[in-house]
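> Pasting model_17.pdb below, which is PDB, C-alpha atoms, pLDDT in the B column.
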```
MODEL        1
ATOM      1  CA  MET X   1       5.422  89.377  75.720  1.00 79.00           C
ATOM      2  CA  THR X   2       2.497  91.745  75.221  1.00 89.00           C
ATOM      3  CA  LYS X   3       0.560  91.659  71.971  1.00 92.00           C
ATOM      4  CA  GLN X   4       1.753  95.217  71.218  1.00 91.00           C
ATOM      5  CA  ARG X   5       5.424  94.285  71.685  1.00 94.00           C
ATOM      6  CA  GLN X   6       4.941  91.132  69.644  1.00 94.00           C
ATOM      7  CA  ALA X   7       3.335  93.115  66.796  1.00 95.00           C
ATOM      8  CA  ILE X   8       6.183  95.662  66.889  1.00 96.00           C
ATOM      9  CA  LEU X   9       8.814  92.927  66.778  1.00 96.00           C
ATOM     10  CA  GLN X  10       6.996  91.213  63.907  1.00 95.00           C
ATOM     11  CA  CYS X  11       6.969  94.468  61.926  1.00 95.00           C
ATOM     12  CA  VAL X  12      10.699  94.995  62.421  1.00 95.00           C
ATOM     13  CA  ASN X  13      11.490  91.379  61.566  1.00 95.00           C
ATOM     14  CA  ALA X  14       9.206  91.326  58.501  1.00 94.00           C
ATOM     15  CA  SER X  15      10.727  94.427  56.924  1.00 92.00           C
ATOM     16  CA  ASP X  16      13.684  94.322  54.572  1.00 90.00           C
ATOM     17  CA  LYS X  17      14.574  97.913  55.449  1.00 92.00           C
ATOM     18  CA  HIS X  18      15.543  99.819  58.570  1.00 96.00           C
ATOM     19  CA  LEU X  19      12.359 101.362  59.958  1.00 96.00           C
ATOM     20  CA  CYS X  20      11.887 104.399  62.192  1.00 96.00           C
ATOM     21  CA  ALA X  21       9.356 104.385  65.045  1.00 97.00           C
ATOM     22  CA  GLU X  22       6.764 106.309  63.006  1.00 97.00           C
ATOM     23  CA  GLU X  23       6.893 103.716  60.208  1.00 96.00           C
ATOM     24  CA  ILE X  24       6.561 100.904  62.748  1.00 97.00           C
ATOM     25  CA  PHE X  25       3.666 102.741  64.410  1.00 97.00           C
ATOM     26  CA  ASP X  26       1.836 103.026  61.068  1.00 96.00           C
ATOM     27  CA  MET X  27       2.303  99.300  60.414  1.00 95.00           C
ATOM     28  CA  VAL X  28       1.253  98.199  63.909  1.00 96.00           C
ATOM     29  CA  ARG X  29      -1.789 100.501  63.892  1.00 95.00           C
ATOM     30  CA  LYS X  30      -3.187  98.532  60.936  1.00 95.00           C
ATOM     31  CA  ARG X  31      -3.304  95.441  63.178  1.00 92.00           C
ATOM     32  CA  LEU X  32      -3.939  97.162  66.498  1.00 93.00           C
ATOM     33  CA  PRO X  33      -5.841 100.409  65.801  1.00 94.00           C
ATOM     34  CA  SER X  34      -5.825 101.514  69.441  1.00 93.00           C
ATOM     35  CA  VAL X  35      -2.021 101.377  69.831  1.00 94.00           C
ATOM     36  CA  ALA X  36      -0.410 104.682  70.845  1.00 94.00           C
ATOM     37  CA  ILE X  37       2.857 106.069  69.503  1.00 96.00           C
ATOM     38  CA  GLY X  38       4.201 106.155  73.067  1.00 96.00           C
ATOM     39  CA  THR X  39       3.583 102.423  73.333  1.00 95.00           C
ATOM     40  CA  VAL X  40       5.628 101.857  70.191  1.00 97.00           C
ATOM     41  CA  TYR X  41       8.545 103.978  71.475  1.00 97.00           C
ATOM     42  CA  ARG X  42       8.456 102.332  74.916  1.00 96.00           C
ATOM     43  CA  ASN X  43       8.379  98.817  73.468  1.00 96.00           C
ATOM     44  CA  LEU X  44      11.127  99.558  70.951  1.00 97.00           C
ATOM     45  CA  GLY X  45      13.270 100.658  73.883  1.00 96.00           C
ATOM     46  CA  LEU X  46      12.540  97.386  75.673  1.00 96.00           C
ATOM     47  CA  LEU X  47      13.300  95.357  72.541  1.00 97.00           C
ATOM     48  CA  VAL X  48      16.628  97.171  72.175  1.00 96.00           C
ATOM     49  CA  GLU X  49      17.444  96.583  75.867  1.00 96.00           C
ATOM     50  CA  SER X  50      16.651  92.871  75.549  1.00 95.00           C
ATOM     51  CA  GLY X  51      18.836  92.573  72.440  1.00 93.00           C
ATOM     52  CA  GLU X  52      15.999  91.595  70.106  1.00 95.00           C
ATOM     53  CA  VAL X  53      16.483  94.588  67.788  1.00 96.00           C
ATOM     54  CA  ARG X  54      19.294  97.076  67.256  1.00 95.00           C
ATOM     55  CA  ARG X  55      18.874 100.861  67.341  1.00 96.00           C
ATOM     56  CA  ILE X  56      20.795 102.825  64.725  1.00 95.00           C
ATOM     57  CA  ILE X  57      21.432 106.443  65.621  1.00 94.00           C
ATOM     58  CA  ILE X  58      22.216 108.895  62.829  1.00 92.00           C
ATOM     59  CA  PRO X  59      22.486 112.533  63.934  1.00 90.00           C
ATOM     60  CA  GLY X  60      19.753 114.736  62.510  1.00 91.00           C
ATOM     61  CA  GLU X  61      17.506 111.811  61.586  1.00 93.00           C
ATOM     62  CA  PRO X  62      15.005 109.643  63.440  1.00 95.00           C
ATOM     63  CA  ASP X  63      16.493 106.523  65.009  1.00 96.00           C
ATOM     64  CA  LYS X  64      16.113 103.414  62.877  1.00 96.00           C
ATOM     65  CA  TYR X  65      15.616  99.849  64.057  1.00 97.00           C
ATOM     66  CA  ASP X  66      17.456  96.855  62.654  1.00 95.00           C
ATOM     67  CA  ARG X  67      16.471  93.207  62.805  1.00 93.00           C
ATOM     68  CA  ASN X  68      19.989  92.093  61.831  1.00 93.00           C
ATOM     69  CA  LEU X  69      21.843  91.435  65.089  1.00 91.00           C
ATOM     70  CA  THR X  70      24.978  89.956  63.540  1.00 89.00           C
ATOM     71  CA  PRO X  71      28.039  92.229  63.466  1.00 88.00           C
ATOM     72  CA  HIS X  72      27.799  94.507  60.426  1.00 92.00           C
ATOM     73  CA  SER X  73      28.236  98.076  59.260  1.00 93.00           C
ATOM     74  CA  HIS X  74      25.916 100.412  57.344  1.00 95.00           C
ATOM     75  CA  LEU X  75      26.030 102.546  54.233  1.00 95.00           C
ATOM     76  CA  HIS X  76      23.878 105.656  54.714  1.00 96.00           C
ATOM     77  CA  CYS X  77      22.687 107.687  51.737  1.00 95.00           C
ATOM     78  CA  VAL X  78      22.750 111.351  52.757  1.00 94.00           C
ATOM     79  CA  ARG X  79      20.090 112.196  50.158  1.00 93.00           C
ATOM     80  CA  CYS X  80      17.378 109.558  50.609  1.00 92.00           C
ATOM     81  CA  GLN X  81      18.451 108.355  54.105  1.00 92.00           C
ATOM     82  CA  LYS X  82      18.424 104.706  52.992  1.00 93.00           C
ATOM     83  CA  LEU X  83      20.537 102.374  55.133  1.00 94.00           C
ATOM     84  CA  THR X  84      22.189  99.315  53.623  1.00 94.00           C
ATOM     85  CA  ASP X  85      23.859  96.535  55.588  1.00 94.00           C
ATOM     86  CA  ILE X  86      27.457  95.751  54.632  1.00 94.00           C
ATOM     87  CA  PRO X  87      29.983  93.320  56.129  1.00 92.00           C
ATOM     88  CA  PRO X  88      31.882  94.682  59.119  1.00 89.00           C
ATOM     89  CA  LEU X  89      34.968  96.646  58.133  1.00 86.00           C
ATOM     90  CA  LEU X  90      36.828  95.696  61.293  1.00 86.00           C
ATOM     91  CA  SER X  91      36.113  92.871  63.728  1.00 86.00           C
ATOM     92  CA  ARG X  92      36.035  93.429  67.466  1.00 87.00           C
ATOM     93  CA  GLU X  93      39.051  91.159  67.794  1.00 89.00           C
ATOM     94  CA  GLU X  94      41.023  93.146  65.186  1.00 90.00           C
ATOM     95  CA  ALA X  95      40.154  96.417  66.927  1.00 90.00           C
ATOM     96  CA  GLU X  96      41.190  95.061  70.333  1.00 92.00           C
ATOM     97  CA  LYS X  97      44.503  93.865  68.913  1.00 93.00           C
ATOM     98  CA  LYS X  98      45.224  97.230  67.241  1.00 91.00           C
ATOM     99  CA  LEU X  99      44.142  99.368  70.189  1.00 92.00           C
ATOM    100  CA  GLY X 100      45.229  97.135  73.043  1.00 93.00           C
ATOM    101  CA  GLN X 101      41.906  97.811  74.757  1.00 93.00           C
ATOM    102  CA  PRO X 102      38.756  95.731  75.240  1.00 93.00           C
ATOM    103  CA  ILE X 103      36.065  96.734  72.726  1.00 90.00           C
ATOM    104  CA  LEU X 104      32.381  96.249  73.488  1.00 87.00           C
ATOM    105  CA  THR X 105      30.788  97.238  70.193  1.00 84.00           C
ATOM    106  CA  ILE X 106      31.807  98.640  66.839  1.00 85.00           C
ATOM    107  CA  ARG X 107      29.282 100.826  65.039  1.00 87.00           C
ATOM    108  CA  THR X 108      30.288 101.974  61.579  1.00 90.00           C
ATOM    109  CA  ILE X 109      28.077 104.165  59.419  1.00 94.00           C
ATOM    110  CA  ILE X 110      29.492 105.325  56.116  1.00 95.00           C
ATOM    111  CA  ASP X 111      27.805 108.335  54.519  1.00 95.00           C
ATOM    112  CA  TYR X 112      27.588 108.291  50.731  1.00 96.00           C
ATOM    113  CA  ILE X 113      25.192 108.988  47.872  1.00 95.00           C
ATOM    114  CA  CYS X 114      23.533 105.794  46.677  1.00 94.00           C
ATOM    115  CA  PRO X 115      23.383 104.789  42.989  1.00 93.00           C
ATOM    116  CA  GLU X 116      19.664 105.611  42.776  1.00 92.00           C
ATOM    117  CA  CYS X 117      20.250 109.174  44.000  1.00 93.00           C
ATOM    118  CA  ARG X 118      23.257 109.586  41.676  1.00 91.00           C
ATOM    119  CA  LYS X 119      21.241 108.675  38.586  1.00 90.00           C
ATOM    120  CA  GLY X 120      21.069 111.596  36.200  1.00 70.00           C
ATOM    121  CA  GLU X 121      24.064 113.412  37.667  1.00 75.00           C
ATOM    122  CA  THR X 122      26.659 114.563  35.195  1.00 59.00           C
TER     123      THR X 122
ENDMDL
END
```
Could you render the structure from this file as structure tokens?

Amino acid sequence: MTKQRQAILQCVNASDKHLCAEEIFDMVRKRLPSVAIGTVYRNLGLLVESGEVRRIIIPGEPDKYDRNLTPHSHLHCVRCQKLTDIPPLLSREEAEKKLGQPILTIRTIIDYICPECRKGET
């Protein structure tokens, strides 16, 4: 594993939030000042392909990267764009039983307004 890919993976794994490529780039650049944004995007793609991180796609927003590889769903605040891990709402086995079809992956993102963003609303 290259030192750039290792630094990118360490940033994703060290964060308690779901980071976008730009945030990862800013973190990696502190350790490796000569790293290019293209290198970060390319290596994130390789880390996703190898199953070391998960890409979360939310239309209209930058992709986010998740260190948590266990089956889970996400709450997505439509105001601040924060993602929060939640237990899966439906297991792959339950979905296969209900649909009668093999299921590869379940991705659930629930849009809501988080408590922090709701503060002060009447």
> Could you name the residues that touch stretch 91-98 of chain X at 12 Å or less, counting only C-alpha atoms, but leaving out those on the same chain fewer than 4 positions away, as a PyMOL selection string?
chain X and resi 70-73+87+102-108
> Rank X:Thr84, X:Gln10, X:Thr39, X:Thr2 by their smallest atom-to-atom distance to X:Lys64, using all atoms listed in the file, and report the top residue only.
X:Thr84
> Could you work out how far atom CA of X:Ile110 lies from atom CA of X:Val48, giving the answer in Å with one decimal?
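Interatomic distance, atom CA of X:Val48 to atom CA of X:Ile110: 22.1 Å.
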> For a cutoff of 12 Å around the file-coordinate point (17.4, 113.7, 60.0), which residues qualify once you count only C-alpha atoms? I'd like the result as a PyMOL selection string.
chain X and resi 20+57-64+76-82
> Go ahead and dump the residues you just picked, C-alpha atoms, as a compact mmCIF listing (two decimals), in the coordinates of the input.

```
# COMPACT_ATOMS: atom_id res chain seq x y z
CA CYS X 20 11.89 104.40 62.19
CA ILE X 57 21.43 106.44 65.62
CA ILE X 58 22.22 108.90 62.83
CA PRO X 59 22.49 112.53 63.93
CA GLY X 60 19.75 114.74 62.51
CA GLU X 61 17.51 111.81 61.59
CA PRO X 62 15.00 109.64 63.44
CA ASP X 63 16.49 106.52 65.01
CA LYS X 64 16.11 103.41 62.88
CA HIS X 76 23.88 105.66 54.71
CA CYS X 77 22.69 107.69 51.74
CA VAL X 78 22.75 111.35 52.76
CA ARG X 79 20.09 112.20 50.16
CA CYS X 80 17.38 109.56 50.61
CA GLN X 81 18.45 108.36 54.10
CA LYS X 82 18.42 104.71 52.99
```
> I'd like the contact shell of X:Gly51 - 12 Å cut-off, all atoms listed in the file, skipping same-chain residues fewer than 5 positions apart - returned as a list in words.
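That gives Leu9, Leu44, Gly45, Leu46, Tyr65, Asp66, Arg67, Asn68, Leu69 and Thr70 of chain X.
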> Can you tell me how far atom CA of X:Leu83 sits from atom CA of X:Lys119, in Å to one decimal?
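According to the coordinates, atom CA of X:Leu83 and atom CA of X:Lys119 are separated by 17.7 Å.
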> Have a look at X:Ile37, X:Leu75, X:Arg118, X:Leu19 and name the one nearest to X:Arg55; count all atoms listed in the file.
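Distance minimum relative to X:Arg55 lands on X:Leu19.
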> Tell me, in Å to one decimal, how far atom CA of X:Cys114 is from atom CA of X:Val28.
29.2 Å
> Could you work out an axis-aligned bounding box for all listed atoms of stretch 45-51 of chain X, with 6 Å added on each of the six sides, and give its centre and edge lengths in Å to one decimal, as lines of an AutoDock Vina configuration file?

```
center_x = 15.7
center_y = 96.6
center_z = 74.0
size_x = 18.3
size_y = 20.1
size_z = 15.7
```
> Take the PyMOL selection byres ((chain X and resi 1) around 12), apply it to the structure above, and return the hits as an MDAnalysis selection string.
chainID X and resid 2:9 43 46:47 50
> Using only C-alpha atoms - which residues lie no farther than 12 Å from the point (2.9, 102.4, 61.2) in the file's frame? Write them as a ChimeraX atom specification.
/X:7-8,11-12,15,19-33,35-37,40-41
